[in-house]
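Enquirer: The structure follows.
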Amino acid sequence: MLYQQSRIVLLFFIVLLVTLFGPNSTNATALTYELSANEDACFYVWADKPGKKVGFYFAVQQGGAFDIDYEVKDPQDDSILKGERERQGDFVFTANQVGEYSFCFSNDMSTFAEKLVDFEISVEHEVRPEFIVKKDGGNDQQLTEMEETLFRLSGTLTNIARTQKYFRTRENRNSATVASTENRIFWFAFLESLAIVSMACLQVFVIKSFFNVKKGGV
């Protein structure tokens, strides 16, 4: 019993260390940007070393049909990722070149609709952990059971974060749809009421004109 408690405490301590001083150095930028009609917006990330993993996530929260055009380019201005009229995306690619990577959104397809885009750009440098033991003195490095548990926990947390983003996007889109529907119902009811009042006034005017007798001269 005491041995199991000691393992749990040790596992918690290692998780804390990995979280604070973990082997993966990650720089992330999470933003929400409102893209006007016929507007192009670009955001940039600098990769100081080749081989870094770059994560790119976006989701259109409000506006129009919840779609947007996007394009990702490398420092040589070559296209890495590109899509048209996409609602959301989640990509990971390797930055093989040192330099500035651009992430651009385009709302040229809309003439009046504004788009609210929620996106995240992360740069991660994967480094092998130093606390790896060798098996039988060989050259092959083997992960310990505790390290494998940590990596599984990391993957599970990543999936949970993606699921939360998905539900957040669904909630925002549903809220935007409800607000748009309420706005349309209001204006439809207003125009319907205006038409009824106008028709009533027209009927009163016509009926009044029937009973309006003109007095002729003798």
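Chains: A, B, ... in order of the structure tokens. Residues: from 1 per chain. Ligands: from 1, in order shown.
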Phe43 (chain A): which residues within 9 Å, counting only C-alpha atoms, same-chain residues fewer than 6 positions away excluded, as a PyMOL selection string?

Expert: chain A and resi 101-105

Enquirer: Generate the output file for the selected residues, N, CA, C and O atoms, as an mmCIF file, in the first residue's frame.

Expert:
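The result, written out as out16.cif:
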```
data_model
loop_
_atom_site.group_PDB
_atom_site.id
_atom_site.type_symbol
_atom_site.label_atom_id
_atom_site.label_comp_id
_atom_site.auth_asym_id
_atom_site.auth_seq_id
_atom_site.Cartn_x
_atom_site.Cartn_y
_atom_site.Cartn_z
ATOM 1 N N TYR A 101 6.703 32.214 -41.434
ATOM 2 C CA TYR A 101 5.588 31.513 -42.065
ATOM 3 C C TYR A 101 4.330 32.370 -41.928
ATOM 4 O O TYR A 101 4.042 32.901 -40.846
ATOM 5 N N SER A 102 3.596 32.494 -43.019
ATOM 6 C CA SER A 102 2.407 33.345 -43.035
ATOM 7 C C SER A 102 1.144 32.488 -43.046
ATOM 8 O O SER A 102 1.073 31.455 -43.715
ATOM 9 N N PHE A 103 0.144 32.944 -42.295
ATOM 10 C CA PHE A 103 -1.157 32.293 -42.206
ATOM 11 C C PHE A 103 -2.200 33.344 -42.578
ATOM 12 O O PHE A 103 -2.435 34.284 -41.809
ATOM 13 N N CYS A 104 -2.802 33.199 -43.753
ATOM 14 C CA CYS A 104 -3.672 34.240 -44.303
ATOM 15 C C CYS A 104 -5.109 33.748 -44.420
ATOM 16 O O CYS A 104 -5.358 32.588 -44.789
ATOM 17 N N PHE A 105 -6.033 34.671 -44.123
ATOM 18 C CA PHE A 105 -7.464 34.429 -44.306
ATOM 19 C C PHE A 105 -7.992 35.435 -45.319
ATOM 20 O O PHE A 105 -7.568 36.588 -45.345
#
```

Enquirer: Got a sec: who's within 8 Å of Thr94 (chain A), counting only C-alpha atoms, leaving out chain neighbours fewer than 3 positions off, as an MDAnalysis selection string?

Expert: chainID A and resid 51:54

Enquirer: What is the CA of Gln164 (chain A) to CA of Thr149 (chain A) distance in Å?

Expert: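 Atom-to-atom, CA of Gln164 (chain A) to CA of Thr149 (chain A), that is 22.5 Å.
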
Enquirer: Measuring atom to atom with only C-alpha atoms, identify which of A:Val197, A:Ile185, A:Leu35, A:Leu81 is nearest to Val117 (chain A).

Expert: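 Among the listed residues, the smallest separation from Val117 (chain A) belongs to A:Leu35.
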
Enquirer: Just the residues within 8 Å of Gln97 (chain A), please, counting only C-alpha atoms, with nothing from its chain fewer than 2 positions along; format it as a list in words.

Expert: Ala47, Lys49, Pro50, Gly51, Asp74, Pro75, Ala95 and Gly99 of chain A

Enquirer: Quick one: pick out all strand (DSSP E) residues within region 76-216 of chain A from a backbone DSSP run and write them as a PyMOL selection string.

Expert: chain A and resi 79-86+88-95+99-106+115-125+133-134+141-142

Enquirer: Listing only residues of region 28-106 of chain A within 7 Å of region 110-116 of chain A, what is the closest atom pair and its distance in Å (to one decimal) for each, using only C-alpha atoms, sorted by chain and residue number ascending, as CSV?

Expert:
```
residue,atom,partner,partner_atom,distance
A:Thr32,CA,A:Leu116,CA,7.0
A:Tyr33,CA,A:Leu116,CA,5.8
A:Glu34,CA,A:Leu116,CA,4.4
A:Leu35,CA,A:Lys115,CA,5.0
A:Ser36,CA,A:Glu114,CA,4.6
A:Ala37,CA,A:Phe112,CA,5.2
A:Asn38,CA,A:Ser110,CA,6.2
A:Val60,CA,A:Leu116,CA,5.8
A:Gln61,CA,A:Leu116,CA,5.4
A:Gln62,CA,A:Leu116,CA,5.0
A:Gly63,CA,A:Lys115,CA,4.4
A:Gly64,CA,A:Ala113,CA,5.5
```

Enquirer: Provide the CA of Leu31 (chain A) to CA of Tyr44 (chain A) distance in Å, to one decimal place.

Expert: 12.4 Å

Enquirer: What's the separation between CA of Ile160 (chain A) and CA of Glu124 (chain A), in Å to one decimal place?

Expert: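 Taking CA of Ile160 (chain A) and CA of Glu124 (chain A), their separation equals 18.6 Å.
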
Enquirer: Please identify the helix (DSSP H, G or I) residues within region 13-213 of chain A (assignment by DSSP from backbone atoms) and present them as JSON, numbers by chain.

Expert: {"A": [13, 14, 15, 16, 17, 18, 19, 20, 21, 145, 146, 147, 148, 149, 150, 151, 152, 153, 154, 155, 156, 157, 158, 159, 160, 161, 162, 163, 164, 165, 166, 167, 168, 169, 170, 171, 172, 173, 174, 175, 176, 177, 178, 179, 180, 181, 182, 183, 184, 185, 186, 187, 188, 189, 190, 191, 192, 193, 194, 195, 196, 197, 198, 199, 200, 201, 202, 203, 204, 205, 206, 207, 208, 209, 210]}
